[in-house]
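Heads up: the structure comes next, in structure tokens.
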Amino acid sequence: MKAILSVQGLGKMYPGFQLEDVSFTLQPGRIMGLIGKNGAGKSTTLKALLNMVQPDSGTVTMFGARMNENERDIKEKVGVVFGGIDFYPLKRLSTITAITRRFYQAWDQRRYEEYLKRFELDEHKLFKNLSSGMKVKYLLALALSHQAELLILDEPTSGLDPVSRDELLQIFSRIVKAGRRSILFSTHITSDLDRCADDITYIQRGRVRLSADKANFLEAFNGLQRPQDQGRLTLEDIMLRSEREGMDEAAL
């Protein structure tokens, strides 16, 4: 099966921080969690693969095409949702939508109206008056209405209450259920990924520690436990321990 996203050797250098040799692959119909503590390089990775910042090295392939050669066509099929976005705060949703749909040839107004109803969104509201959860739902509605096949989500559940987070995780699972769409989902909230992720990519200090399906990811880190350790590690345990103590990276 052809990968929906392939990132190979991605690098970006900043003063005091370097994204180095980041590589992972995402197949259709799957949710990949991109984990790491704040400042590990998650957002830089997403911006680099979207060409929002120019990578210094590496290649990004989406839908079988190179991003640097086919950016416009690729972005027709990509939906981006960044948590904390507050664009056009004084504009009504209807105005933002009217501007957004001009950029997409595949815009489906009927589908958009269906998502408004499903997500209980009121187009007459100002963007700034939406709750954090409703803002994410609105951005998802925009992405899904131009028939995006890959959703790239940067910390979309950060700051949400448990009920809103639970609802969004259910939406994410429904989005990929048919096997046509995929989600790349960056977060430091590992409990979200325990519930919805198929694959995990762990970034630490700008480098990928491990990228694998969730079962093999957990097995790899649990295999590094010391004899005196008790019980199996969760995703949260892995992040906390590896950031605090370090684990034998060579073993991975």
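Residues are named by chain letter and number: chains run A, B, ... in the order of the structure tokens, numbers start at 1 in each chain, and ligands are numbered from 1 in the order shown.
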For stretch 138-250 of chain A against stretch 43-64 of chain A, with a cut-off of 9 Å and counting only C-alpha atoms, what is the closest atom pair and its distance in Å to one decimal for every residue that makes the cut, ordered by chain and number, as JSON lines?
```
{"residue": "A:Leu150", "atom": "CA", "partner": "A:Met62", "partner_atom": "CA", "distance": 8.7}
{"residue": "A:Ile152", "atom": "CA", "partner": "A:Leu46", "partner_atom": "CA", "distance": 7.6}
{"residue": "A:Leu153", "atom": "CA", "partner": "A:Leu46", "partner_atom": "CA", "distance": 8.6}
{"residue": "A:Asp154", "atom": "CA", "partner": "A:Ser43", "partner_atom": "CA", "distance": 6.7}
{"residue": "A:Glu155", "atom": "CA", "partner": "A:Ser43", "partner_atom": "CA", "distance": 8.7}
{"residue": "A:Leu184", "atom": "CA", "partner": "A:Leu46", "partner_atom": "CA", "distance": 9.0}
{"residue": "A:Ser186", "atom": "CA", "partner": "A:Ser43", "partner_atom": "CA", "distance": 7.7}
{"residue": "A:Gly206", "atom": "CA", "partner": "A:Thr45", "partner_atom": "CA", "distance": 8.7}
```
Convert the current residue selection to file output with N, CA, C and O atoms, as a tab-separated table (two decimals), in the first residue's frame.
```
chain	number	residue	atom	x	y	z
A	150	LEU	N	-5.52	14.00	4.11
A	150	LEU	CA	-4.56	13.97	5.22
A	150	LEU	C	-4.83	15.18	6.11
A	150	LEU	O	-4.85	16.32	5.63
A	152	ILE	N	-3.46	17.27	9.34
A	152	ILE	CA	-2.28	17.50	10.17
A	152	ILE	C	-2.71	18.40	11.32
A	152	ILE	O	-3.10	19.55	11.11
A	153	LEU	N	-2.66	17.88	12.53
A	153	LEU	CA	-3.21	18.54	13.71
A	153	LEU	C	-2.10	18.80	14.72
A	153	LEU	O	-1.44	17.87	15.16
A	154	ASP	N	-1.89	20.06	15.06
A	154	ASP	CA	-0.84	20.42	16.01
A	154	ASP	C	-1.48	20.80	17.33
A	154	ASP	O	-2.08	21.87	17.45
A	155	GLU	N	-1.34	19.93	18.33
A	155	GLU	CA	-1.87	20.17	19.68
A	155	GLU	C	-3.35	20.61	19.66
A	155	GLU	O	-3.72	21.58	20.32
A	184	LEU	N	-2.22	12.97	11.18
A	184	LEU	CA	-0.97	13.13	11.92
A	184	LEU	C	-1.26	14.13	13.04
A	184	LEU	O	-1.64	15.27	12.78
A	186	SER	N	-0.07	15.83	16.55
A	186	SER	CA	0.97	16.11	17.53
A	186	SER	C	0.35	16.48	18.88
A	186	SER	O	-0.66	17.18	18.93
A	206	GLY	N	14.79	17.15	19.01
A	206	GLY	CA	14.93	17.32	17.57
A	206	GLY	C	15.21	16.07	16.77
A	206	GLY	O	15.36	16.13	15.55
```
Query raised in the report: In stretch 14-61 of chain A, what's strand (DSSP E) per DSSP? Answer as a list of chain:residue names?
Result: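 Those residues are A:Tyr14, A:Phe17, A:Gln18, A:Leu19, A:Glu20, A:Asp21, A:Val22, A:Ser23, A:Phe24, A:Thr25, A:Leu26, A:Ile31, A:Met32, A:Gly33, A:Leu34, A:Ile35, A:Ser57, A:Gly58, A:Thr59, A:Val60, A:Thr61.
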Store the residues picked out above, limited to C-alpha atoms, as a PDB file, in the first residue's frame.
```pdb
ATOM      1  CA  TYR A  14      17.900  27.305  14.312  1.00  0.00           C
ATOM      2  CA  PHE A  17      17.943  24.070  18.270  1.00  0.00           C
ATOM      3  CA  GLN A  18      18.309  21.547  15.468  1.00  0.00           C
ATOM      4  CA  LEU A  19      15.753  19.263  13.871  1.00  0.00           C
ATOM      5  CA  GLU A  20      17.878  16.395  12.634  1.00  0.00           C
ATOM      6  CA  ASP A  21      17.213  13.450  10.296  1.00  0.00           C
ATOM      7  CA  VAL A  22      13.476  13.146  11.087  1.00  0.00           C
ATOM      8  CA  SER A  23      11.957  10.189   9.235  1.00  0.00           C
ATOM      9  CA  PHE A  24       8.590   8.416   9.473  1.00  0.00           C
ATOM     10  CA  THR A  25       5.815   7.045   7.252  1.00  0.00           C
ATOM     11  CA  LEU A  26       2.025   7.241   7.590  1.00  0.00           C
ATOM     12  CA  ILE A  31      -3.839   8.011  13.098  1.00  0.00           C
ATOM     13  CA  MET A  32      -0.229   8.729  13.999  1.00  0.00           C
ATOM     14  CA  GLY A  33       0.603  10.423  17.263  1.00  0.00           C
ATOM     15  CA  LEU A  34       3.623  12.705  17.185  1.00  0.00           C
ATOM     16  CA  ILE A  35       4.760  12.918  20.796  1.00  0.00           C
ATOM     17  CA  SER A  57      17.520  18.924   4.276  1.00  0.00           C
ATOM     18  CA  GLY A  58      15.349  15.904   3.619  1.00  0.00           C
ATOM     19  CA  THR A  59      12.336  15.063   1.469  1.00  0.00           C
ATOM     20  CA  VAL A  60       8.585  15.098   2.105  1.00  0.00           C
ATOM     21  CA  THR A  61       6.304  12.997  -0.088  1.00  0.00           C
TER      22      THR A  61
END
```
Report task. Would you mind reading off the distance between atom CA of A:Thr201 and atom CA of A:Lys42, one decimal, in Å? Result ->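 For atom CA of A:Thr201 relative to atom CA of A:Lys42, the distance reads 9.9 Å.
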Near A:Asn129, counting only C-alpha atoms, which residues have an atom at most 9 Å away, once you skip same-chain residues fewer than 3 positions from it, shown as an mmCIF file with N, CA and C atoms, in the first residue's frame?
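Output (selection_22.cif):
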```cif
data_model
loop_
_atom_site.group_PDB
_atom_site.id
_atom_site.type_symbol
_atom_site.label_atom_id
_atom_site.label_comp_id
_atom_site.auth_asym_id
_atom_site.auth_seq_id
_atom_site.Cartn_x
_atom_site.Cartn_y
_atom_site.Cartn_z
ATOM 1 N N PRO A 89 -10.315 37.053 14.415
ATOM 2 C CA PRO A 89 -11.160 36.880 15.602
ATOM 3 C C PRO A 89 -12.446 37.690 15.562
ATOM 4 N N LEU A 90 -12.460 38.804 14.830
ATOM 5 C CA LEU A 90 -13.643 39.665 14.803
ATOM 6 C C LEU A 90 -14.547 39.386 13.603
ATOM 7 N N LYS A 125 -21.822 33.364 14.330
ATOM 8 C CA LYS A 125 -20.989 33.737 15.477
ATOM 9 C C LYS A 125 -19.642 34.285 15.031
ATOM 10 N N LEU A 126 -19.096 35.174 15.864
ATOM 11 C CA LEU A 126 -17.726 35.627 15.654
ATOM 12 C C LEU A 126 -16.769 34.520 16.075
#
```
Requested in this report: From a DSSP calculation on the backbone, collect every residue of stretch 26-243 of chain A in alpha helix (DSSP H) and output the set as a ChimeraX atom specification.
Outcome: /A:42-49,67-75,93-100,109-118,132-145,162-176,190-196,214-222,235-243
Query - Surrounding residues of A:Ile183 excluding itself and chain neighbours under 3 positions, 12 Å, only C-alpha atoms, as an MDAnalysis selection string - result: chainID A and resid 4:5 25:34 78:81 140 143:144 148:154 156 169 171:177 179:180 186 193 196:200
Those same residues - C-alpha atoms - I'd like them written as an mmCIF file, in the first residue's frame.
```cif
data_model
loop_
_atom_site.group_PDB
_atom_site.id
_atom_site.type_symbol
_atom_site.label_atom_id
_atom_site.label_comp_id
_atom_site.auth_asym_id
_atom_site.auth_seq_id
_atom_site.Cartn_x
_atom_site.Cartn_y
_atom_site.Cartn_z
ATOM 1 C CA ILE A 4 -0.074 8.819 2.285
ATOM 2 C CA LEU A 5 2.907 10.622 3.874
ATOM 3 C CA THR A 25 5.815 7.045 7.252
ATOM 4 C CA LEU A 26 2.025 7.241 7.590
ATOM 5 C CA GLN A 27 -0.287 4.815 5.793
ATOM 6 C CA PRO A 28 -3.901 5.509 4.697
ATOM 7 C CA GLY A 29 -6.636 5.006 7.292
ATOM 8 C CA ARG A 30 -4.401 5.489 10.324
ATOM 9 C CA ILE A 31 -3.839 8.011 13.098
ATOM 10 C CA MET A 32 -0.229 8.729 13.999
ATOM 11 C CA GLY A 33 0.603 10.423 17.263
ATOM 12 C CA LEU A 34 3.623 12.705 17.185
ATOM 13 C CA VAL A 78 -4.307 18.430 3.094
ATOM 14 C CA GLY A 79 -6.233 19.929 6.011
ATOM 15 C CA VAL A 80 -4.316 21.702 8.779
ATOM 16 C CA VAL A 81 -5.620 22.347 12.296
ATOM 17 C CA LEU A 140 -12.006 20.533 11.032
ATOM 18 C CA ALA A 143 -10.601 20.897 6.237
ATOM 19 C CA LEU A 144 -13.119 18.131 5.622
ATOM 20 C CA ALA A 148 -8.790 16.589 2.588
ATOM 21 C CA GLU A 149 -7.273 13.108 2.679
ATOM 22 C CA LEU A 150 -4.561 13.974 5.216
ATOM 23 C CA LEU A 151 -5.258 15.994 8.359
ATOM 24 C CA ILE A 152 -2.281 17.502 10.171
ATOM 25 C CA LEU A 153 -3.213 18.536 13.712
ATOM 26 C CA ASP A 154 -0.839 20.421 16.009
ATOM 27 C CA PRO A 156 -5.590 20.383 18.801
ATOM 28 C CA LEU A 169 -11.088 12.018 19.759
ATOM 29 C CA ILE A 171 -14.480 12.520 15.648
ATOM 30 C CA PHE A 172 -10.865 11.728 14.729
ATOM 31 C CA SER A 173 -11.572 7.989 14.903
ATOM 32 C CA ARG A 174 -14.633 8.366 12.659
ATOM 33 C CA ILE A 175 -12.660 10.405 10.116
ATOM 34 C CA VAL A 176 -10.188 7.565 9.429
ATOM 35 C CA LYS A 177 -12.658 4.689 9.783
ATOM 36 C CA GLY A 179 -9.578 3.846 5.426
ATOM 37 C CA ARG A 180 -9.255 6.742 2.978
ATOM 38 C CA SER A 186 0.969 16.108 17.533
ATOM 39 C CA LEU A 193 -3.118 8.804 21.951
ATOM 40 C CA CYS A 196 -7.098 6.838 19.317
ATOM 41 C CA ALA A 197 -3.595 6.440 17.814
ATOM 42 C CA ASP A 198 -2.529 3.538 15.596
ATOM 43 C CA ASP A 199 1.109 4.620 15.297
ATOM 44 C CA ILE A 200 3.491 6.642 17.467
#
```
**Report entry** Interatomic distance (Å, one decimal) between atom CA of A:Ser132 and atom CA of A:Arg102
**Finding:** 25.4 Å
